[in-house]
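Take a look at the structure below.
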Amino acid sequence: MSASTTLRDVIGLDNTPPRLGESTLIMIDFQNTYRGGVMALDGVEPALAAGARLLAAARAAGTPVVHIVNDGGEGTPYDIRAEIGAISPEVAPIDGEPVVVKQFPNAFHQTELEKTLRDLGSGLDLVLAGFMTHMCVTFTAQGAFNLGYRPTVVAEATATRSLAAPEGGPVPAAGLQAASLTTITDLFGIVVPTVNQLAG
């Protein structure tokens, strides 16, 4: 079975990854939420380590960084007022790096993200990483694409979890990860497998 032509290729979109130093890095939901308990993700620790390497590379390149957190409210795994919902210390913001709070999978929806990008003087190239691949990463890539940005997702700095399919059978995390990244590459953006594949 051969793969179909992507929608990006059909409409002639550029598939060349941007330079990290000429982009803005968006770190999506790198929260403790996903490191244990009911929302634990497959491969979360290697993905977090990759996110830390990506963040360090962005800072070294002078790339603007925006952190996103999902606020689910008190008593939830997404309570940003508690340790469970805090940004993991390996990728915690430093002074001058804005944090945008969201309540929907698309980080642009009813948030200050677009205004924050304008205030930073960001161009159209965005580099995305974070959790979960099938949810907030995919829908933020779609939201960025819909607004005219050029999103690129760093695959090794993302992770997801196994879920039940509508007919009841399990969908392993690896399959859902691959399907999510494939959805992004069909139209919404570029996917690079590793941090090292983004030029500085």
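In the structure tokens, chains take the letters A, B, ... in the order shown, each chain's residues start at 1, and ligands count up from 1 in the order shown.
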Practice prompt. Do a neighbour search on Gly43 of chain A at 10 Å with only C-alpha atoms, toss out local chain neighbours closer than 3 positions, and write the hits as a ChimeraX atom specification.
Written response: /A:35,40,46-48,156-161,173-174
Shell of 12 Å around Leu181 of chain A, only C-alpha atoms, local chain residues under 6 positions omitted, as a PDB file with N, CA and C atoms, in the first residue's frame:
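Result written to part11.pdb:
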```
ATOM      1  N   LEU A 128       6.411  23.956  17.945  1.00  0.00           N
ATOM      2  CA  LEU A 128       5.536  23.461  18.997  1.00  0.00           C
ATOM      3  C   LEU A 128       6.090  22.181  19.605  1.00  0.00           C
ATOM      4  N   ALA A 129       5.913  22.042  20.912  1.00  0.00           N
ATOM      5  CA  ALA A 129       6.249  20.815  21.623  1.00  0.00           C
ATOM      6  C   ALA A 129       5.336  20.718  22.831  1.00  0.00           C
ATOM      7  N   MET A 132      -0.988  16.913  25.148  1.00  0.00           N
ATOM      8  CA  MET A 132      -0.798  15.597  24.574  1.00  0.00           C
ATOM      9  C   MET A 132      -0.779  15.717  23.050  1.00  0.00           C
ATOM     10  N   THR A 133      -0.055  14.828  22.403  1.00  0.00           N
ATOM     11  CA  THR A 133       0.095  14.932  20.954  1.00  0.00           C
ATOM     12  C   THR A 133      -1.238  14.930  20.232  1.00  0.00           C
ATOM     13  N   HIS A 134      -2.127  14.019  20.616  1.00  0.00           N
ATOM     14  CA  HIS A 134      -3.391  13.855  19.883  1.00  0.00           C
ATOM     15  C   HIS A 134      -4.405  14.951  20.206  1.00  0.00           C
ATOM     16  N   MET A 135      -4.134  15.713  21.233  1.00  0.00           N
ATOM     17  CA  MET A 135      -5.118  16.695  21.679  1.00  0.00           C
ATOM     18  C   MET A 135      -4.552  18.116  21.532  1.00  0.00           C
ATOM     19  N   VAL A 137      -1.518  19.459  21.239  1.00  0.00           N
ATOM     20  CA  VAL A 137      -0.497  19.742  20.222  1.00  0.00           C
ATOM     21  C   VAL A 137      -1.145  19.806  18.838  1.00  0.00           C
ATOM     22  N   THR A 138      -1.961  18.817  18.514  1.00  0.00           N
ATOM     23  CA  THR A 138      -2.612  18.788  17.201  1.00  0.00           C
ATOM     24  C   THR A 138      -3.539  19.983  17.009  1.00  0.00           C
ATOM     25  N   PHE A 139      -4.341  20.291  18.011  1.00  0.00           N
ATOM     26  CA  PHE A 139      -5.327  21.357  17.827  1.00  0.00           C
ATOM     27  C   PHE A 139      -4.708  22.752  17.910  1.00  0.00           C
ATOM     28  N   ALA A 141      -1.660  23.243  16.641  1.00  0.00           N
ATOM     29  CA  ALA A 141      -1.107  23.323  15.283  1.00  0.00           C
ATOM     30  C   ALA A 141      -2.193  23.729  14.290  1.00  0.00           C
ATOM     31  N   GLN A 142      -3.365  23.137  14.421  1.00  0.00           N
ATOM     32  CA  GLN A 142      -4.475  23.517  13.546  1.00  0.00           C
ATOM     33  C   GLN A 142      -4.858  24.974  13.761  1.00  0.00           C
ATOM     34  N   THR A 152       5.612  24.070  13.271  1.00  0.00           N
ATOM     35  CA  THR A 152       6.446  22.887  13.151  1.00  0.00           C
ATOM     36  C   THR A 152       6.446  22.190  14.497  1.00  0.00           C
ATOM     37  N   VAL A 153       6.143  20.895  14.511  1.00  0.00           N
ATOM     38  CA  VAL A 153       6.100  20.114  15.742  1.00  0.00           C
ATOM     39  C   VAL A 153       7.353  19.262  15.851  1.00  0.00           C
ATOM     40  N   VAL A 154       7.964  19.257  17.027  1.00  0.00           N
ATOM     41  CA  VAL A 154       9.133  18.413  17.297  1.00  0.00           C
ATOM     42  C   VAL A 154       8.621  17.121  17.930  1.00  0.00           C
ATOM     43  N   ALA A 155       8.631  16.044  17.167  1.00  0.00           N
ATOM     44  CA  ALA A 155       7.955  14.805  17.563  1.00  0.00           C
ATOM     45  C   ALA A 155       8.487  14.218  18.870  1.00  0.00           C
ATOM     46  N   GLU A 156       9.806  14.198  19.038  1.00  0.00           N
ATOM     47  CA  GLU A 156      10.344  13.542  20.230  1.00  0.00           C
ATOM     48  C   GLU A 156      10.033  14.317  21.506  1.00  0.00           C
ATOM     49  N   ALA A 157       9.591  15.550  21.382  1.00  0.00           N
ATOM     50  CA  ALA A 157       9.216  16.367  22.542  1.00  0.00           C
ATOM     51  C   ALA A 157       7.703  16.398  22.724  1.00  0.00           C
ATOM     52  N   THR A 158       7.028  15.325  22.290  1.00  0.00           N
ATOM     53  CA  THR A 158       5.588  15.171  22.471  1.00  0.00           C
ATOM     54  C   THR A 158       5.314  13.751  22.966  1.00  0.00           C
ATOM     55  N   ALA A 159       4.143  13.544  23.537  1.00  0.00           N
ATOM     56  CA  ALA A 159       3.754  12.207  23.991  1.00  0.00           C
ATOM     57  C   ALA A 159       2.246  12.164  24.172  1.00  0.00           C
ATOM     58  N   THR A 160       1.706  10.953  24.184  1.00  0.00           N
ATOM     59  CA  THR A 160       0.274  10.776  24.385  1.00  0.00           C
ATOM     60  C   THR A 160       0.028   9.488  25.170  1.00  0.00           C
ATOM     61  N   ALA A 174       1.444   4.455  20.881  1.00  0.00           N
ATOM     62  CA  ALA A 174       2.319   4.619  19.715  1.00  0.00           C
ATOM     63  C   ALA A 174       1.515   4.813  18.437  1.00  0.00           C
ATOM     64  N   GLY A 175       0.400   4.101  18.313  1.00  0.00           N
ATOM     65  CA  GLY A 175      -0.449   4.266  17.137  1.00  0.00           C
ATOM     66  C   GLY A 175      -1.128   5.613  17.118  1.00  0.00           C
ATOM     67  N   LEU A 187      -1.674  18.519   6.627  1.00  0.00           N
ATOM     68  CA  LEU A 187      -2.072  19.880   6.282  1.00  0.00           C
ATOM     69  C   LEU A 187      -1.523  20.950   7.214  1.00  0.00           C
ATOM     70  N   PHE A 188      -1.648  20.743   8.523  1.00  0.00           N
ATOM     71  CA  PHE A 188      -1.473  21.852   9.455  1.00  0.00           C
ATOM     72  C   PHE A 188      -0.045  22.331   9.621  1.00  0.00           C
ATOM     73  N   GLY A 189       0.929  21.455   9.451  1.00  0.00           N
ATOM     74  CA  GLY A 189       2.295  21.897   9.680  1.00  0.00           C
ATOM     75  C   GLY A 189       3.324  20.853   9.322  1.00  0.00           C
ATOM     76  N   ILE A 190       4.540  21.118   9.736  1.00  0.00           N
ATOM     77  CA  ILE A 190       5.692  20.256   9.511  1.00  0.00           C
ATOM     78  C   ILE A 190       5.969  19.509  10.803  1.00  0.00           C
ATOM     79  N   VAL A 191       6.432  18.286  10.692  1.00  0.00           N
ATOM     80  CA  VAL A 191       6.891  17.528  11.856  1.00  0.00           C
ATOM     81  C   VAL A 191       8.342  17.149  11.636  1.00  0.00           C
ATOM     82  N   VAL A 192       9.200  17.496  12.611  1.00  0.00           N
ATOM     83  CA  VAL A 192      10.582  17.022  12.588  1.00  0.00           C
ATOM     84  C   VAL A 192      10.721  15.984  13.702  1.00  0.00           C
ATOM     85  N   PRO A 193      11.406  14.878  13.446  1.00  0.00           N
ATOM     86  CA  PRO A 193      11.468  13.812  14.452  1.00  0.00           C
ATOM     87  C   PRO A 193      12.197  14.206  15.728  1.00  0.00           C
TER      88      PRO A 193
END
```
Discussion item. Ranking A:Pro93, A:Pro151, A:Pro18, A:Gly169 by minimum distance to Leu55 of chain A and counting only C-alpha atoms, which one comes first?
Written reply: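 Under the stated criterion, the closest residue is A:Pro93.
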Discussion item. Counting only C-alpha atoms, which residue out of A:Ala49, A:Ala61, A:Val101, A:Leu117 sits closest to Pro89 of chain A?
Written reply: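 Using only C-alpha atoms, Pro89 of chain A sits closest to A:Ala49.
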Item to complete: Find the residues around Leu20 of chain A up to 12 Å (only C-alpha atoms counted), leave out those fewer than 4 positions away in its own chain, and share them as a ChimeraX atom specification.
Response: /A:24-26,54-65,123,125-128,151-154,192,195-200
